[in-house]
Structures are given as structure tokens and as C-alpha cells.
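> work-v9.csv is reproduced below (CSV, C-alpha atoms).
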```csv
chain,number,residue,atom,x,y,z
C,1,MET,CA,105.5,58.1,131.0
C,2,ASP,CA,102.2,56.6,130.2
C,3,TRP,CA,100.8,57.2,126.7
C,4,TRP,CA,97.9,59.3,128.1
C,5,VAL,CA,100.2,61.7,129.7
C,6,TRP,CA,101.8,62.4,126.3
C,7,LEU,CA,98.4,62.7,124.9
C,8,ILE,CA,97.4,65.4,127.4
C,9,ILE,CA,100.7,67.3,126.9
C,10,ILE,CA,100.2,67.3,123.1
C,11,LEU,CA,96.6,68.3,123.4
C,12,ALA,CA,97.6,71.1,125.8
C,13,ILE,CA,100.2,72.4,123.3
C,14,VAL,CA,97.7,72.3,120.4
C,15,VAL,CA,95.1,74.2,122.5
C,16,VAL,CA,97.6,76.9,123.5
C,17,ALA,CA,98.9,77.2,119.9
C,18,LEU,CA,95.4,77.4,118.6
C,19,GLY,CA,94.4,80.0,121.1
C,20,GLY,CA,97.5,82.0,120.4
C,21,ALA,CA,96.9,82.0,116.7
C,22,ILE,CA,93.3,83.1,117.1
C,23,ALA,CA,94.4,85.9,119.5
C,24,ILE,CA,97.1,87.1,117.1
C,25,GLN,CA,94.8,87.1,114.1
C,26,ALA,CA,92.1,88.9,116.1
C,27,ARG,CA,94.6,91.6,117.0
C,28,ARG,CA,95.8,91.9,113.4
C,29,ARG,CA,92.1,92.1,112.3
C,30,SER,CA,91.2,94.8,114.8
C,31,GLY,CA,90.9,98.2,113.2
C,32,GLY,CA,91.3,101.9,113.8
C,33,VAL,CA,90.9,105.3,112.2
C,34,ILE,CA,93.9,106.1,110.0
C,35,THR,CA,95.0,109.5,108.6
C,36,LYS,CA,96.3,109.5,105.1
C,37,ARG,CA,98.9,112.2,104.5
C,38,SER,CA,98.0,114.3,101.6
C,39,GLY,CA,101.0,116.5,101.5
B,1,MET,CA,70.8,113.7,103.1
B,2,THR,CA,73.7,113.0,105.5
B,3,VAL,CA,73.9,110.9,108.7
B,4,LEU,CA,76.4,111.0,111.5
B,5,MET,CA,78.0,107.7,112.4
B,6,ARG,CA,80.8,106.6,114.8
B,7,ALA,CA,83.7,105.1,112.9
B,8,LYS,CA,83.7,102.1,115.4
B,9,GLU,CA,80.1,101.3,114.2
B,10,ILE,CA,81.6,100.6,110.8
B,11,ILE,CA,84.7,98.8,111.9
B,12,ARG,CA,84.2,95.0,111.8
B,13,ARG,CA,81.0,95.5,109.7
B,14,PRO,CA,80.8,92.8,107.0
B,15,VAL,CA,81.4,93.6,103.4
B,16,VAL,CA,78.7,91.9,101.3
B,17,THR,CA,78.3,91.8,97.5
B,18,LEU,CA,74.9,92.3,95.8
B,19,ALA,CA,75.0,88.6,95.1
B,20,GLY,CA,75.0,88.0,98.8
B,21,ASP,CA,78.6,86.8,99.3
B,22,ASP,CA,80.1,87.9,102.6
B,23,VAL,CA,83.6,88.6,101.3
B,24,ALA,CA,85.4,90.7,104.0
B,25,GLN,CA,85.0,92.9,107.0
B,26,ILE,CA,86.0,96.5,107.5
B,27,LYS,CA,89.3,96.9,109.4
B,28,ASP,CA,90.4,100.6,109.3
B,29,VAL,CA,88.7,103.8,108.2
B,30,VAL,CA,91.2,105.9,106.2
B,31,TYR,CA,90.7,109.6,105.9
B,32,ALA,CA,92.7,112.5,104.4
B,33,ASP,CA,94.6,114.6,107.0
B,34,ASP,CA,93.6,118.0,105.4
B,35,GLN,CA,89.9,118.0,104.5
B,36,GLY,CA,88.9,114.9,106.5
B,37,GLU,CA,87.4,113.2,103.5
B,38,VAL,CA,87.2,109.4,103.9
B,39,ALA,CA,89.3,107.7,101.2
B,40,GLY,CA,88.1,104.2,102.0
B,41,PHE,CA,88.5,101.2,104.2
B,42,THR,CA,91.2,98.6,104.7
B,43,LEU,CA,89.8,95.1,105.0
B,44,ALA,CA,90.2,91.9,107.0
B,45,GLY,CA,89.1,88.5,106.1
B,46,ARG,CA,86.2,86.7,107.6
B,47,GLY,CA,86.6,83.9,110.1
B,48,LEU,CA,88.6,83.1,113.2
B,49,PHE,CA,92.0,82.6,111.4
B,50,ALA,CA,91.7,85.4,108.8
B,51,GLY,CA,94.1,88.3,109.0
B,52,PRO,CA,94.2,91.7,107.2
B,53,LYS,CA,93.6,91.5,103.4
B,54,LYS,CA,95.9,93.0,100.7
B,55,GLU,CA,92.8,94.5,99.1
B,56,ALA,CA,91.0,97.7,100.3
B,57,LEU,CA,87.8,99.4,99.5
B,58,ALA,CA,87.8,103.0,98.1
B,59,TRP,CA,84.8,105.1,99.2
B,60,THR,CA,83.8,105.5,95.5
B,61,SER,CA,83.5,101.7,95.1
B,62,ILE,CA,80.9,101.3,97.8
B,63,HIS,CA,77.3,100.7,96.8
B,64,ALA,CA,75.8,101.5,100.3
B,65,VAL,CA,76.8,101.7,103.9
B,66,GLY,CA,73.9,99.9,105.7
B,67,ARG,CA,73.1,99.4,109.3
B,68,ASP,CA,74.4,95.8,109.2
B,69,ALA,CA,76.7,95.6,106.2
B,70,VAL,CA,78.7,97.6,103.7
B,71,MET,CA,77.4,96.7,100.3
B,72,ILE,CA,79.5,96.4,97.1
B,73,ILE,CA,78.5,95.3,93.6
B,74,ASN,CA,81.1,92.5,93.5
B,75,GLU,CA,84.6,91.7,94.5
B,76,GLU,CA,86.0,93.5,91.5
B,77,MET,CA,85.3,96.7,93.4
B,78,PHE,CA,88.3,96.0,95.6
B,79,ASP,CA,91.5,98.1,95.1
B,80,GLN,CA,95.0,97.3,96.3
B,81,ARG,CA,95.5,98.4,99.9
B,82,ARG,CA,98.6,100.5,99.0
B,83,ASP,CA,96.3,102.6,96.7
B,84,ILE,CA,94.3,103.6,99.8
B,85,VAL,CA,97.0,103.9,102.4
B,86,ASP,CA,100.6,102.8,102.5
B,87,LYS,CA,102.0,100.5,105.2
B,88,ALA,CA,103.9,103.1,107.2
B,89,GLN,CA,100.8,105.3,107.4
B,90,ALA,CA,98.6,102.4,108.4
B,91,ARG,CA,101.1,101.6,111.2
B,92,GLY,CA,101.6,105.1,112.6
B,93,GLY,CA,98.5,107.0,111.6
B,94,ASN,CA,95.8,105.7,113.9
B,95,VAL,CA,94.2,108.7,115.7
B,96,ILE,CA,92.5,106.5,118.3
B,97,ALA,CA,94.1,107.3,121.7
B,98,SER,CA,95.8,110.5,120.4
B,99,ARG,CA,95.5,113.6,122.6
B,100,VAL,CA,93.5,116.5,121.4
B,101,LEU,CA,95.1,119.9,122.0
B,102,THR,CA,93.8,123.4,121.3
B,103,ASP,CA,95.9,125.8,119.4
B,104,THR,CA,96.3,127.6,122.7
B,105,GLY,CA,97.9,124.5,124.3
B,106,THR,CA,95.0,123.1,126.4
B,107,ASP,CA,94.6,119.3,126.5
B,108,LEU,CA,90.9,118.5,125.8
B,109,GLY,CA,91.2,114.8,126.1
B,110,LYS,CA,91.9,111.5,124.4
B,111,VAL,CA,90.3,110.4,121.1
B,112,VAL,CA,88.2,107.2,121.5
B,113,ASP,CA,86.4,107.4,118.2
B,114,ALA,CA,85.9,109.5,115.0
B,115,ILE,CA,82.6,110.8,113.9
B,116,LEU,CA,81.8,110.5,110.2
B,117,GLU,CA,79.3,112.5,108.2
B,118,ILE,CA,78.0,110.1,105.5
B,119,GLY,CA,76.2,111.1,102.4
B,120,GLU,CA,77.4,111.0,98.8
B,121,THR,CA,80.9,111.4,100.3
B,122,ALA,CA,82.1,110.7,103.8
B,123,ARG,CA,84.0,113.0,106.0
B,124,VAL,CA,85.4,113.0,109.5
B,125,VAL,CA,83.7,116.0,111.2
B,126,GLY,CA,84.6,115.4,114.8
B,127,TYR,CA,86.0,113.1,117.5
B,128,ALA,CA,84.5,111.4,120.4
B,129,ILE,CA,87.0,112.1,123.3
B,130,ASP,CA,87.3,111.0,126.9
B,131,SER,CA,87.3,114.6,128.2
B,132,SER,CA,90.1,116.0,130.3
B,133,GLU,CA,89.7,118.1,133.5
B,134,ALA,CA,90.2,121.2,131.4
B,135,LEU,CA,87.0,120.6,129.6
B,136,GLY,CA,85.0,120.4,132.8
B,137,ARG,CA,82.8,117.5,131.8
B,138,GLY,CA,83.8,115.1,134.6
B,139,GLY,CA,85.9,112.8,132.3
B,140,ARG,CA,82.8,111.8,130.3
B,141,THR,CA,83.0,110.9,126.6
B,142,VAL,CA,81.9,114.0,124.6
B,143,PHE,CA,81.9,114.9,120.9
B,144,ILE,CA,84.2,117.7,119.7
B,145,PRO,CA,83.7,119.3,116.2
B,146,LEU,CA,86.5,119.8,113.7
B,147,PRO,CA,87.0,122.7,111.3
B,148,ASP,CA,86.7,122.2,107.5
B,149,THR,CA,90.5,122.1,107.4
B,150,ILE,CA,92.0,119.9,110.0
B,151,ALA,CA,95.5,119.2,111.3
B,152,VAL,CA,96.4,115.7,112.2
B,153,SER,CA,100.0,115.5,111.0
B,154,GLY,CA,101.7,115.3,114.4
B,155,GLU,CA,101.1,113.0,117.4
B,156,ALA,CA,98.6,115.3,118.9
B,157,LEU,CA,95.5,116.5,117.1
B,158,ILE,CA,95.3,120.3,117.1
B,159,VAL,CA,91.9,122.0,117.1
B,160,PRO,CA,91.0,125.8,117.4
B,161,SER,CA,90.4,126.7,121.0
B,162,THR,CA,86.8,127.7,120.1
B,163,ALA,CA,86.0,124.1,119.5
B,164,ALA,CA,85.7,123.6,123.3
B,165,ASP,CA,82.6,125.9,123.2
B,166,PHE,CA,80.8,123.5,120.8
B,167,VAL,CA,81.4,120.3,122.6
B,168,SER,CA,78.3,118.1,122.5
B,169,ASP,CA,77.2,115.4,125.0
B,170,ASP,CA,75.4,113.3,122.5
B,171,LEU,CA,75.5,112.5,118.8
B,172,SER,CA,72.0,113.6,118.0
B,173,GLY,CA,72.8,117.3,118.6
B,174,PHE,CA,76.3,117.0,117.2
B,175,GLY,CA,75.5,117.9,113.6
B,176,ALA,CA,74.2,121.3,114.7
B,177,SER,CA,77.4,121.8,116.8
B,178,VAL,CA,79.6,121.1,113.9
B,179,GLN,CA,77.7,123.6,111.7
B,180,ALA,CA,77.7,126.3,114.4
B,181,PHE,CA,81.4,125.8,115.1
B,182,ARG,CA,82.3,126.1,111.4
B,183,ASP,CA,80.0,129.1,111.0
B,184,ARG,CA,81.8,130.8,113.9
B,185,LEU,CA,85.2,130.1,112.3
B,186,ARG,CA,84.1,131.5,109.0
B,187,GLY,CA,82.8,134.6,110.8
B,188,GLU,CA,86.1,135.0,112.6
B,189,LYS,CA,88.0,134.9,109.3
B,190,HIS,CA,85.8,137.6,107.7
```
Before we go any further, please render this structure as C-alpha cells.


Amino acid sequence: MDWWVWLIIILAIVVVALGGAIAIQARRRSGGVITKRSG
Amino acid sequence: MTVLMRAKEIIRRPVVTLAGDDVAQIKDVVYADDQGEVAGFTLAGRGLFAGPKKEALAWTSIHAVGRDAVMIINEEMFDQRRDIVDKAQARGGNVIASRVLTDTGTDLGKVVDAILEIGETARVVGYAIDSSEALGRGGRTVFIPLPDTIAVSGEALIVPSTAADFVSDDLSGFGASVQAFRDRLRGEKH
């Protein structure tokens, strides 16, 4: 394959990995209202 | 003086020191399951790649809860997260999306937010719920008051059946609904 095909594949992998990492961190960062057991 | 605020208004609000450093953002609101008192907040880092932080913020360490930021004196005000809430509770204790049941077994709806009364201390005084058919509000989001002593230990949140009589359509009249509801409960006890 030509070099630019590899370049596009690598760029696509990087973009997907980056998007996935941002989505996962956004989910981990999202909050809620938590009850703390006192008993 | 106290103000009513939705928990979701505080979630994601930046935590800023008095020196002006934007050091974290609010992740979870943590409250006690008996009196509804807010113990504090868990925190997340700032920025796209930041996850949850190991530190948390006790209510007593907060300088002010402002419209746009939660103010602290400095980063030394942070506590360890486990001192505010342990991991198991953080994973399983979220009341958002829980069902609200009366003590007579009627499903009033699904929790979409908690309502905090903020003054010197902060307390959960009610829930915003997507109302069920039983409540007769056409599925709208309404505000339901909680008694002084609340029960949130199971998967469903149990409220006295009289709470349905004090449902409010907007937050502006909700403070009076909470007071009237609690007065009614006290009257029933005596």
C-alpha cells in the first residue's frame, strides 16, 4: 500500500482512540447525588 | 437566609480558590441518608482528559457556593474522598433515576434531581421527579418535599403518602411546600 494510505489509517486510529478516551473520561467525570449511609 | 438549588446546578460547577486558581469541578453531591444533610462533594479534574479526583470537599470546608463557582480558601481545604463517601456507596448510592414510592405503595415517579436548601448548612429537602400517572400531573417534572427524616436505604425512595398533597410545579413555591408538609407531619405525630 502507498504511504498515504497508512497515514490515513494511523490518523483514523488516533482520532478514534482520542475520542474514546475523551468520552470515557467525560463519563467518569459526570456526577450524581449520592446517599451516604449513616447507620 | 437559605436558598433552594437543584443539585444539578452545582454538579460540574468549578471549584476556585480565593487566589483565583480553578482547581477542580464538582462531581457528586453526597448527603446523609437519615437527615438529608449534605456531607460534601466528590470532585473531578478540569480539562478534557481529567477523571475523578481522589480528593473531596467537605461542606464545612467551603467558603461560598456562588452562582458560577464553588469557592474555597485554598487546595488545603480538600479531604480524602473516602472521608466523604466510600467507593461502594459512590457506586451504588446515586438516587438519580430511582423510583419514589409512598409508604402506601404508590409509585409517584422517577427522580431526576435533588433539591438542596443551602444556608449555613446544606440539606436535601426534596426531589425533582418525572411524575407518574398516579400523581396526575401528565408526566411533567414536579417537586416533591421530603420529611425531616428520610429513608433512602433501599433501591426505591420511600416518602409518606401525604407528600403527594404538597407537590409543587415550580421551585419558587417549593420552600413553602416543604414547610407546610413538615408542619403537617408534626401535627399528625402530636

> Each residue of chain B lying at most 9 Å from chain C should get a row with its shortest atom-to-atom pair and the distance in Å to one decimal, counting all atoms listed in the file; could you produce that, ordered by chain and increasing number, as CSV?


```
residue,atom,partner,partner_atom,distance
B:Ala7,CA,C:Val33,CA,7.2
B:Lys8,CA,C:Gly32,CA,7.8
B:Ile11,CA,C:Gly31,CA,6.4
B:Arg12,CA,C:Gly31,CA,7.6
B:Gln25,CA,C:Arg29,CA,8.9
B:Ile26,CA,C:Gly31,CA,7.7
B:Lys27,CA,C:Gly31,CA,4.3
B:Asp28,CA,C:Gly31,CA,4.6
B:Val29,CA,C:Val33,CA,4.8
B:Val30,CA,C:Ile34,CA,4.7
B:Tyr31,CA,C:Thr35,CA,5.1
B:Ala32,CA,C:Lys36,CA,4.7
B:Asp33,CA,C:Thr35,CA,5.4
B:Asp34,CA,C:Ser38,CA,6.9
B:Gly36,CA,C:Thr35,CA,8.4
B:Ala39,CA,C:Lys36,CA,8.2
B:Thr42,CA,C:Gly31,CA,8.5
B:Leu43,CA,C:Arg29,CA,8.2
B:Ala44,CA,C:Arg29,CA,5.6
B:Gly45,CA,C:Arg29,CA,7.8
B:Leu48,CA,C:Ile22,CA,6.1
B:Phe49,CA,C:Ile22,CA,5.9
B:Ala50,CA,C:Gln25,CA,6.4
B:Gly51,CA,C:Gln25,CA,5.3
B:Pro52,CA,C:Arg29,CA,5.5
B:Ile84,CA,C:Lys36,CA,8.2
B:Val85,CA,C:Lys36,CA,6.3
B:Asp86,CA,C:Lys36,CA,8.4
B:Gln89,CA,C:Lys36,CA,6.6
B:Ala90,CA,C:Ile34,CA,6.2
B:Arg91,CA,C:Ile34,CA,8.6
B:Gly92,CA,C:Ile34,CA,8.2
B:Gly93,CA,C:Ile34,CA,5.0
B:Asn94,CA,C:Ile34,CA,4.4
B:Val95,CA,C:Val33,CA,5.9
B:Ile96,CA,C:Val33,CA,6.4
B:Asp113,CA,C:Val33,CA,7.8
B:Ala114,CA,C:Val33,CA,7.1
B:Val152,CA,C:Thr35,CA,7.3
B:Ser153,CA,C:Arg37,CA,7.4
```

> Excluding same-chain residues fewer than 3 positions from Gly139 of chain B, what lies within 6 Å of it counting only C-alpha atoms, as a PyMOL selection string?

chain B and resi 130-132

> Could you check how far atom CA of Leu171 of chain B sits from atom CA of Arg123 of chain B, in Å to one decimal?

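Separation between atom CA of Leu171 of chain B and atom CA of Arg123 of chain B: 15.4 Å.
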
> Contacts of Thr104 of chain B at 10 Å or less, counting all atoms listed in the file, minus same-chain residues fewer than 6 places along, as an MDAnalysis selection string?

chainID B and resid 158:162

> For segment 116-120 of chain B, work out the shell of residues within 9 Å, counting all atoms listed in the file and skipping chain neighbours fewer than 5 positions away, then give it as a tab-separated table (two decimals) with C-alpha atoms, in the coordinates of the input.


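Written out: result-v6.tsv:
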```tsv
chain	number	residue	atom	x	y	z
B	1	MET	CA	70.80	113.70	103.10
B	2	THR	CA	73.70	113.00	105.50
B	3	VAL	CA	73.90	110.90	108.70
B	4	LEU	CA	76.40	111.00	111.50
B	5	MET	CA	78.00	107.70	112.40
B	6	ARG	CA	80.80	106.60	114.80
B	7	ALA	CA	83.70	105.10	112.90
B	38	VAL	CA	87.20	109.40	103.90
B	65	VAL	CA	76.80	101.70	103.90
B	125	VAL	CA	83.70	116.00	111.20
B	126	GLY	CA	84.60	115.40	114.80
B	127	TYR	CA	86.00	113.10	117.50
B	175	GLY	CA	75.50	117.90	113.60
```

> When you draw a straight line from atom CA of Val142 of chain B to atom CA of Asp107 of chain B, how long is it in Å?

13.9 Å

> Measure the distance from atom CA of Leu157 of chain B to atom CA of Val100 of chain B in Å and round it to one decimal.

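These atoms are spaced 4.7 Å apart.
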
> Go through B:Val15, B:Ala97, B:Val23, B:Leu57 one by one, measure the shortest atom-to-atom distance of each to Asp83 of chain B using only C-alpha atoms, and give the residue with the smallest value.

B:Leu57
